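Peer 1: Following this message is one structure expressed as structure tokens.
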Amino acid sequence: MASEAEKTFQRFAAFGESSSSGTEMNNKNFSKLCKDCGIMDGKMVTSTDVDIVFSKVKAKNARTITFQQFKEAMKELGQKRFKGKSPDEALENIYKLMEGKDPATTGVTKATTVGAVDRLTDTSKYTGTHKERFDESGKGKGIAGREETTDNSGYVSGYKGAGTYDKKK
């Protein structure tokens with residue numbers, strides 16, 4: 001059961017942190033785990049309780065907790081969430097709540113496509129010179145897609161006629 005909890009811990013620890021290895025979790029991701037897994041119910045366990053428990057288990061000057069500290073925090077939250085049960089039984093119930101959960105991305109802003117937006121941004125429908133600025137997949141070619149690129153081979157920024165000094169008219 002604890003290995004499943006450890007997997008969930010690692011998924012949430014790495015969520016939103018590109019540099020995180022998944023071994024340590026910050027307070028934001030700890031709160032997210034508690035909310036997404038249903039440990040924080042708003043009645044018995046509130047966001048304040050979660051923050052207090054996080055501060056209690058972490059080292060004095062640290063900003064993150066390890067899986068070992070996380071297990072201590074879950075014991076405390078388990079006793080709050082499942083009052084009247086033994087600490088081990090409460091911990092089992094907490095782990096059952098966490099089983100197979102992933103960080104949810106609800107409420108994330110999605111790109112809106114209203115009416116003409118799809119038609120205007122579909123590169124396959126482009127015609128004329130605009131068509132040549134995109135490859136078959138619809139990805140832009142950037143500067144290479146423009147026919148008239150300036151030649152900046154001169155050693156002075158304003159000099160555009162490289163190799164024309166010796167030519168006579």
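Note on naming: chains are A, B, ... as they come in the structure tokens, residues start from 1 per chain, ligands start from 1 in the order shown.
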Find the spatial neighbours of Glu92 (chain A), counting only C-alpha atoms, within a cut-off of 12 Å - ignore same-chain residues fewer than 2 positions away - and output them as a list in words.

Peer 2: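 Residues near the query, excluding close chain neighbours: Met1, Ala2, Glu4, Ala5, Lys71, Met74, Lys75, Leu77, Gly78, Gln79, Arg81, Phe82, Lys85, Ser86, Pro87, Asp88, Glu89, Ala90, Ile94, Tyr95, Lys96, Leu97, Met98 and Glu99 of chain A.
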
Peer 1: Now that the selection is made, can you save its residues with N, CA and C atoms as a PDB file, in the first residue's frame?

Peer 2:
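Okay, this is what ended up in part-v7.pdb:
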ATOM      1  N   MET A   1       0.838  -1.206   0.000  1.00  0.00           N
ATOM      2  CA  MET A   1       0.000   0.000   0.000  1.00  0.00           C
ATOM      3  C   MET A   1       0.872   1.256   0.000  1.00  0.00           C
ATOM      4  N   ALA A   2       1.960   1.220   0.756  1.00  0.00           N
ATOM      5  CA  ALA A   2       2.827   2.412   0.856  1.00  0.00           C
ATOM      6  C   ALA A   2       3.523   2.703  -0.473  1.00  0.00           C
ATOM      7  N   GLU A   4       2.247   2.395  -3.439  1.00  0.00           N
ATOM      8  CA  GLU A   4       1.273   3.141  -4.241  1.00  0.00           C
ATOM      9  C   GLU A   4       1.222   4.595  -3.767  1.00  0.00           C
ATOM     10  N   ALA A   5       1.288   4.794  -2.445  1.00  0.00           N
ATOM     11  CA  ALA A   5       1.299   6.147  -1.879  1.00  0.00           C
ATOM     12  C   ALA A   5       2.568   6.882  -2.302  1.00  0.00           C
ATOM     13  N   LYS A  71       4.878  10.787   5.271  1.00  0.00           N
ATOM     14  CA  LYS A  71       4.148   9.725   5.979  1.00  0.00           C
ATOM     15  C   LYS A  71       3.725  10.187   7.372  1.00  0.00           C
ATOM     16  N   MET A  74       0.768  12.424   6.943  1.00  0.00           N
ATOM     17  CA  MET A  74      -0.443  11.655   6.638  1.00  0.00           C
ATOM     18  C   MET A  74      -1.009  10.995   7.892  1.00  0.00           C
ATOM     19  N   LYS A  75      -0.126  10.577   8.836  1.00  0.00           N
ATOM     20  CA  LYS A  75      -0.605  10.009  10.109  1.00  0.00           C
ATOM     21  C   LYS A  75      -1.422  11.046  10.864  1.00  0.00           C
ATOM     22  N   LEU A  77      -2.871  13.846   9.644  1.00  0.00           N
ATOM     23  CA  LEU A  77      -4.100  14.192   8.923  1.00  0.00           C
ATOM     24  C   LEU A  77      -5.113  13.049   8.968  1.00  0.00           C
ATOM     25  N   GLY A  78      -4.625  11.813   8.987  1.00  0.00           N
ATOM     26  CA  GLY A  78      -5.507  10.648   9.072  1.00  0.00           C
ATOM     27  C   GLY A  78      -6.302  10.634  10.362  1.00  0.00           C
ATOM     28  N   GLN A  79      -5.646  11.004  11.466  1.00  0.00           N
ATOM     29  CA  GLN A  79      -6.340  11.046  12.755  1.00  0.00           C
ATOM     30  C   GLN A  79      -7.393  12.153  12.779  1.00  0.00           C
ATOM     31  N   ARG A  81      -8.935  13.364   9.971  1.00  0.00           N
ATOM     32  CA  ARG A  81      -9.955  13.058   8.953  1.00  0.00           C
ATOM     33  C   ARG A  81     -10.865  11.915   9.395  1.00  0.00           C
ATOM     34  N   PHE A  82     -10.271  10.873   9.996  1.00  0.00           N
ATOM     35  CA  PHE A  82     -11.044   9.701  10.437  1.00  0.00           C
ATOM     36  C   PHE A  82     -10.986   9.607  11.954  1.00  0.00           C
ATOM     37  N   LYS A  85     -10.910   6.292  14.816  1.00  0.00           N
ATOM     38  CA  LYS A  85     -10.253   5.085  14.305  1.00  0.00           C
ATOM     39  C   LYS A  85      -8.823   5.043  14.836  1.00  0.00           C
ATOM     40  N   SER A  86      -8.248   3.867  14.833  1.00  0.00           N
ATOM     41  CA  SER A  86      -6.862   3.739  15.289  1.00  0.00           C
ATOM     42  C   SER A  86      -5.940   4.431  14.283  1.00  0.00           C
ATOM     43  N   PRO A  87      -4.787   4.928  14.727  1.00  0.00           N
ATOM     44  CA  PRO A  87      -3.875   5.633  13.813  1.00  0.00           C
ATOM     45  C   PRO A  87      -3.507   4.813  12.575  1.00  0.00           C
ATOM     46  N   ASP A  88      -3.278   3.484  12.759  1.00  0.00           N
ATOM     47  CA  ASP A  88      -2.909   2.644  11.617  1.00  0.00           C
ATOM     48  C   ASP A  88      -4.065   2.498  10.633  1.00  0.00           C
ATOM     49  N   GLU A  89      -5.280   2.344  11.190  1.00  0.00           N
ATOM     50  CA  GLU A  89      -6.467   2.205  10.347  1.00  0.00           C
ATOM     51  C   GLU A  89      -6.730   3.504   9.579  1.00  0.00           C
ATOM     52  N   ALA A  90      -6.544   4.640  10.245  1.00  0.00           N
ATOM     53  CA  ALA A  90      -6.728   5.947   9.603  1.00  0.00           C
ATOM     54  C   ALA A  90      -5.711   6.135   8.479  1.00  0.00           C
ATOM     55  N   ILE A  94      -6.303   6.776   4.463  1.00  0.00           N
ATOM     56  CA  ILE A  94      -5.678   7.891   3.732  1.00  0.00           C
ATOM     57  C   ILE A  94      -5.004   7.350   2.470  1.00  0.00           C
ATOM     58  N   TYR A  95      -4.256   6.232   2.625  1.00  0.00           N
ATOM     59  CA  TYR A  95      -3.571   5.639   1.475  1.00  0.00           C
ATOM     60  C   TYR A  95      -4.571   5.147   0.430  1.00  0.00           C
ATOM     61  N   LYS A  96      -5.743   4.657   0.883  1.00  0.00           N
ATOM     62  CA  LYS A  96      -6.785   4.227  -0.057  1.00  0.00           C
ATOM     63  C   LYS A  96      -7.300   5.412  -0.863  1.00  0.00           C
ATOM     64  N   LEU A  97      -7.449   6.577  -0.205  1.00  0.00           N
ATOM     65  CA  LEU A  97      -7.885   7.787  -0.906  1.00  0.00           C
ATOM     66  C   LEU A  97      -6.875   8.197  -1.973  1.00  0.00           C
ATOM     67  N   MET A  98      -5.584   8.006  -1.670  1.00  0.00           N
ATOM     68  CA  MET A  98      -4.512   8.445  -2.571  1.00  0.00           C
ATOM     69  C   MET A  98      -4.283   7.492  -3.735  1.00  0.00           C
ATOM     70  N   GLU A  99      -4.785   6.274  -3.645  1.00  0.00           N
ATOM     71  CA  GLU A  99      -4.469   5.219  -4.611  1.00  0.00           C
ATOM     72  C   GLU A  99      -4.744   5.631  -6.053  1.00  0.00           C
TER      73      GLU A  99
END

Peer 1: With only C-alpha atoms as the counted atoms, please give the residues lying no more than 10 Å from Val57 (chain A), apart from itself and same-chain residues fewer than 2 positions off, as a list in words.

Peer 2: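 What passes the distance filter is Ile52, Val53, Phe54, Ser55, Ala59, Lys60, Thr64, Ile65, Thr66, Gln68, Gln69, Phe70, Lys71, Glu72, Ala73 and Glu76 of chain A.
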
Peer 1: Can you pull out every residue within 12 Å of Asp41 (chain A), counting only C-alpha atoms, but drop anything in the same chain fewer than 2 positions away, and send it as a tab-separated table (two decimals) with all heavy atoms, in the first residue's frame?

Peer 2:
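The result, stored in around-v8.tsv:
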chain	number	residue	atom	x	y	z
A	31	SER	N	-0.54	20.66	-0.57
A	31	SER	CA	-1.94	21.09	-0.48
A	31	SER	C	-2.75	20.56	-1.65
A	31	SER	O	-3.89	20.13	-1.49
A	31	SER	CB	-2.04	22.61	-0.46
A	31	SER	OG	-1.46	23.13	0.71
A	34	CYS	N	-3.52	16.90	-1.13
A	34	CYS	CA	-4.59	16.72	-0.13
A	34	CYS	C	-5.96	17.08	-0.71
A	34	CYS	O	-6.95	16.41	-0.44
A	34	CYS	CB	-4.31	17.55	1.11
A	34	CYS	SG	-2.87	16.97	2.02
A	35	LYS	N	-6.00	18.11	-1.53
A	35	LYS	CA	-7.27	18.54	-2.13
A	35	LYS	C	-7.73	17.55	-3.20
A	35	LYS	O	-8.87	17.11	-3.20
A	35	LYS	CB	-7.12	19.93	-2.74
A	35	LYS	CG	-8.44	20.58	-3.14
A	35	LYS	CD	-8.25	21.95	-3.75
A	35	LYS	CE	-7.74	22.93	-2.72
A	35	LYS	NZ	-7.44	24.24	-3.29
A	36	ASP	N	-6.82	17.17	-4.13
A	36	ASP	CA	-7.18	16.29	-5.25
A	36	ASP	C	-7.53	14.88	-4.80
A	36	ASP	O	-8.35	14.21	-5.43
A	36	ASP	CB	-6.06	16.24	-6.28
A	36	ASP	CG	-5.91	17.54	-7.05
A	36	ASP	OD1	-6.71	18.47	-6.83
A	36	ASP	OD2	-4.98	17.63	-7.88
A	37	CYS	N	-6.91	14.40	-3.73
A	37	CYS	CA	-7.17	13.03	-3.27
A	37	CYS	C	-8.35	12.95	-2.31
A	37	CYS	O	-8.72	11.87	-1.88
A	37	CYS	CB	-5.92	12.45	-2.61
A	37	CYS	SG	-4.57	12.20	-3.76
A	38	GLY	N	-8.90	14.08	-1.92
A	38	GLY	CA	-10.05	14.06	-1.02
A	38	GLY	C	-9.70	13.97	0.45
A	38	GLY	O	-10.57	13.69	1.28
A	39	ILE	N	-8.43	14.17	0.79
A	39	ILE	CA	-8.03	14.17	2.20
A	39	ILE	C	-8.55	15.45	2.86
A	39	ILE	O	-9.06	15.43	3.98
A	39	ILE	CB	-6.49	14.06	2.34
A	39	ILE	CG1	-6.01	12.74	1.75
A	39	ILE	CG2	-6.06	14.19	3.79
A	39	ILE	CD1	-4.53	12.65	1.51
A	43	LYS	N	-14.37	20.17	6.06
A	43	LYS	CA	-15.05	20.13	7.36
A	43	LYS	C	-14.09	19.66	8.45
A	43	LYS	O	-13.74	20.40	9.35
A	43	LYS	CB	-16.27	19.20	7.29
A	43	LYS	CG	-17.38	19.73	6.41
A	43	LYS	CD	-18.56	18.78	6.42
A	43	LYS	CE	-19.70	19.29	5.57
A	43	LYS	NZ	-19.45	19.20	4.13
A	44	MET	N	-13.66	18.40	8.34
A	44	MET	CA	-12.74	17.84	9.34
A	44	MET	C	-11.31	18.32	9.09
A	44	MET	O	-10.59	18.63	10.03
A	44	MET	CB	-12.77	16.31	9.30
A	44	MET	CG	-14.15	15.71	9.54
A	44	MET	SD	-14.74	16.05	11.18
A	44	MET	CE	-14.05	14.69	12.07
A	45	VAL	N	-10.91	18.35	7.82
A	45	VAL	CA	-9.55	18.78	7.45
A	45	VAL	C	-9.68	19.96	6.48
A	45	VAL	O	-10.21	19.81	5.39
A	45	VAL	CB	-8.77	17.63	6.79
A	45	VAL	CG1	-7.38	18.09	6.38
A	45	VAL	CG2	-8.67	16.44	7.71
A	46	THR	N	-9.19	21.11	6.91
A	46	THR	CA	-9.25	22.31	6.07
A	46	THR	C	-7.87	22.63	5.51
A	46	THR	O	-6.88	22.00	5.90
A	46	THR	CB	-9.76	23.52	6.89
A	46	THR	OG1	-8.81	23.79	7.93
A	46	THR	CG2	-11.13	23.25	7.49
A	47	SER	N	-7.79	23.63	4.64
A	47	SER	CA	-6.50	24.01	4.07
A	47	SER	C	-5.55	24.52	5.15
A	47	SER	O	-4.34	24.33	5.08
A	47	SER	CB	-6.68	25.06	2.98
A	47	SER	OG	-7.28	26.21	3.51
A	48	THR	N	-6.11	25.14	6.18
A	48	THR	CA	-5.28	25.62	7.29
A	48	THR	C	-4.65	24.45	8.03
A	48	THR	O	-3.46	24.49	8.36
A	48	THR	CB	-6.14	26.44	8.28
A	48	THR	OG1	-6.88	27.41	7.53
A	48	THR	CG2	-5.29	27.14	9.31
A	49	ASP	N	-5.44	23.39	8.28
A	49	ASP	CA	-4.91	22.19	8.94
A	49	ASP	C	-3.76	21.59	8.13
A	49	ASP	O	-2.74	21.20	8.69
A	49	ASP	CB	-6.01	21.13	9.10
A	49	ASP	CG	-7.12	21.58	10.04
A	49	ASP	OD1	-6.83	22.35	10.96
A	49	ASP	OD2	-8.28	21.17	9.82
A	50	VAL	N	-3.95	21.54	6.81
A	50	VAL	CA	-2.92	20.97	5.93
A	50	VAL	C	-1.64	21.79	6.02
A	50	VAL	O	-0.54	21.24	6.13
A	50	VAL	CB	-3.45	20.89	4.47
A	50	VAL	CG1	-2.34	20.54	3.50
A	50	VAL	CG2	-4.58	19.88	4.37
A	77	LEU	N	-2.87	13.85	9.64
A	77	LEU	CA	-4.10	14.19	8.92
A	77	LEU	C	-5.11	13.05	8.97
A	77	LEU	O	-6.32	13.30	9.00
A	77	LEU	CB	-3.78	14.55	7.47
A	77	LEU	CG	-3.07	15.89	7.25
A	77	LEU	CD1	-2.70	16.06	5.79
A	77	LEU	CD2	-3.95	17.06	7.68
A	78	GLY	N	-4.63	11.81	8.99
A	78	GLY	CA	-5.51	10.65	9.07
A	78	GLY	C	-6.30	10.63	10.36
A	78	GLY	O	-7.49	10.30	10.37
A	80	LYS	N	-7.12	13.25	12.10
A	80	LYS	CA	-8.10	14.35	12.02
A	80	LYS	C	-9.27	13.97	11.11
A	80	LYS	O	-10.42	14.23	11.44
A	80	LYS	CB	-7.43	15.61	11.44
A	80	LYS	CG	-7.05	16.65	12.45
A	80	LYS	CD	-6.56	17.85	11.69
A	80	LYS	CE	-6.28	19.08	12.45
A	80	LYS	NZ	-6.99	19.45	13.59
A	81	ARG	N	-8.93	13.36	9.97
A	81	ARG	CA	-9.96	13.06	8.95
A	81	ARG	C	-10.87	11.91	9.39
A	81	ARG	O	-12.06	11.94	9.18
A	81	ARG	CB	-9.24	12.70	7.64
A	81	ARG	CG	-10.13	12.31	6.48
A	81	ARG	CD	-10.72	13.52	5.80
A	81	ARG	NE	-11.19	13.24	4.46
A	81	ARG	CZ	-12.38	12.72	4.18
A	81	ARG	NH1	-13.20	12.40	5.15
A	81	ARG	NH2	-12.74	12.51	2.94
A	82	PHE	N	-10.27	10.87	10.00
A	82	PHE	CA	-11.04	9.70	10.44
A	82	PHE	C	-10.99	9.61	11.95
A	82	PHE	O	-10.29	8.76	12.50
A	82	PHE	CB	-10.48	8.42	9.79
A	82	PHE	CG	-10.48	8.46	8.28
A	82	PHE	CD1	-9.31	8.70	7.58
A	82	PHE	CD2	-11.65	8.29	7.58
A	82	PHE	CE1	-9.31	8.74	6.19
A	82	PHE	CE2	-11.66	8.32	6.19
A	82	PHE	CZ	-10.50	8.55	5.49
A	97	LEU	N	-7.45	6.58	-0.20
A	97	LEU	CA	-7.88	7.79	-0.91
A	97	LEU	C	-6.88	8.20	-1.97
A	97	LEU	O	-7.24	8.69	-3.03
A	97	LEU	CB	-8.08	8.95	0.07
A	97	LEU	CG	-9.30	8.94	0.99
A	97	LEU	CD1	-9.22	10.08	1.98
A	97	LEU	CD2	-10.59	9.04	0.18

Peer 1: Just the number, please: distance in Å from CA of Gly140 (chain A) to CA of Gly16 (chain A), one decimal.

Peer 2: 28.6 Å

Peer 1: One decimal, Å: what's the distance from CA of Ser124 (chain A) over to CA of Ser137 (chain A), could you say?

Peer 2: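 If I compute the distance from CA of Ser124 (chain A) to CA of Ser137 (chain A), I get 8.5 Å.
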
Peer 1: Measuring atom to atom with only C-alpha atoms, identify which of A:Met40, A:Leu33, A:Leu91, A:Ala104 is nearest to Ala13 (chain A).

Peer 2: A:Leu33

Peer 1: Can you work out the spacing between CA of Ser19 (chain A) and CA of Lys139 (chain A) in Å, to one decimal?

Peer 2: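 Atom-to-atom, CA of Ser19 (chain A) to CA of Lys139 (chain A), that is 28.8 Å.
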
Peer 1: Taking the chain letters and numbering used in this document, name the residues of region 61-146 of chain A that DSSP puts in strand (DSSP E or B), as a VMD selection string.

Peer 2: chain A and resid 64 to 65 134 140

Peer 1: Report the residues of region 6-154 of chain A whose backbone DSSP state falls under helix (DSSP H, G or I), written as a PyMOL selection string.

Peer 2: chain A and resi 6-14+27-36+47-57+67-81+87-98+116-121+123-125+128-131+142-145

Peer 1: Could those selected residues go to a file with C-alpha atoms, as a CSV table (one decimal), in the first residue's frame?

Peer 2:
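Here's the written file selection_31.csv:
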chain,number,residue,atom,x,y,z
A,6,GLU,CA,5.0,6.8,-2.8
A,7,LYS,CA,4.1,6.8,-6.5
A,8,THR,CA,1.3,9.3,-5.9
A,9,PHE,CA,3.7,11.3,-3.7
A,10,GLN,CA,6.3,11.4,-6.6
A,11,ARG,CA,3.7,12.4,-9.2
A,12,PHE,CA,2.5,15.3,-7.1
A,13,ALA,CA,6.0,16.3,-6.0
A,14,ALA,CA,7.1,16.7,-9.6
A,27,ASN,CA,3.7,23.1,0.4
A,28,LYS,CA,1.8,24.1,-2.7
A,29,ASN,CA,2.0,20.5,-4.1
A,30,PHE,CA,1.2,19.0,-0.7
A,31,SER,CA,-1.9,21.1,-0.5
A,32,LYS,CA,-2.8,20.1,-4.0
A,33,LEU,CA,-2.4,16.4,-3.2
A,34,CYS,CA,-4.6,16.7,-0.1
A,35,LYS,CA,-7.3,18.5,-2.1
A,36,ASP,CA,-7.2,16.3,-5.2
A,47,SER,CA,-6.5,24.0,4.1
A,48,THR,CA,-5.3,25.6,7.3
A,49,ASP,CA,-4.9,22.2,8.9
A,50,VAL,CA,-2.9,21.0,5.9
A,51,ASP,CA,-0.6,24.0,6.1
A,52,ILE,CA,-0.1,23.6,9.8
A,53,VAL,CA,0.7,19.9,9.5
A,54,PHE,CA,3.2,20.6,6.7
A,55,SER,CA,5.0,23.2,8.8
A,56,LYS,CA,5.1,20.8,11.7
A,57,VAL,CA,6.7,17.9,9.8
A,67,PHE,CA,8.5,10.9,1.7
A,68,GLN,CA,9.4,10.0,5.3
A,69,GLN,CA,8.1,13.3,6.6
A,70,PHE,CA,5.1,13.0,4.3
A,71,LYS,CA,4.1,9.7,6.0
A,72,GLU,CA,4.2,11.5,9.4
A,73,ALA,CA,2.0,14.3,8.0
A,74,MET,CA,-0.4,11.7,6.6
A,75,LYS,CA,-0.6,10.0,10.1
A,76,GLU,CA,-1.6,13.4,11.6
A,77,LEU,CA,-4.1,14.2,8.9
A,78,GLY,CA,-5.5,10.6,9.1
A,79,GLN,CA,-6.3,11.0,12.8
A,80,LYS,CA,-8.1,14.3,12.0
A,81,ARG,CA,-10.0,13.1,9.0
A,87,PRO,CA,-3.9,5.6,13.8
A,88,ASP,CA,-2.9,2.6,11.6
A,89,GLU,CA,-6.5,2.2,10.3
A,90,ALA,CA,-6.7,5.9,9.6
A,91,LEU,CA,-3.4,5.8,7.7
A,92,GLU,CA,-4.7,2.9,5.6
A,93,ASN,CA,-7.8,4.9,4.7
A,94,ILE,CA,-5.7,7.9,3.7
A,95,TYR,CA,-3.6,5.6,1.5
A,96,LYS,CA,-6.8,4.2,-0.1
A,97,LEU,CA,-7.9,7.8,-0.9
A,98,MET,CA,-4.5,8.4,-2.6
A,116,ALA,CA,-13.9,32.7,-37.5
A,117,VAL,CA,-10.8,32.0,-35.4
A,118,ASP,CA,-10.5,28.4,-36.7
A,119,ARG,CA,-10.9,29.5,-40.3
A,120,LEU,CA,-8.4,32.3,-39.9
A,121,THR,CA,-5.6,30.3,-38.2
A,123,THR,CA,-2.7,27.4,-42.5
A,124,SER,CA,-3.9,24.9,-45.0
A,125,LYS,CA,-6.4,27.4,-46.3
A,128,GLY,CA,-0.8,33.3,-52.5
A,129,THR,CA,2.4,34.3,-50.9
A,130,HIS,CA,1.2,33.5,-47.4
A,131,LYS,CA,0.9,29.9,-48.2
A,142,GLY,CA,10.1,31.8,-39.9
A,143,ILE,CA,12.6,34.0,-41.8
A,144,ALA,CA,13.4,31.2,-44.3
A,145,GLY,CA,9.7,31.4,-45.5
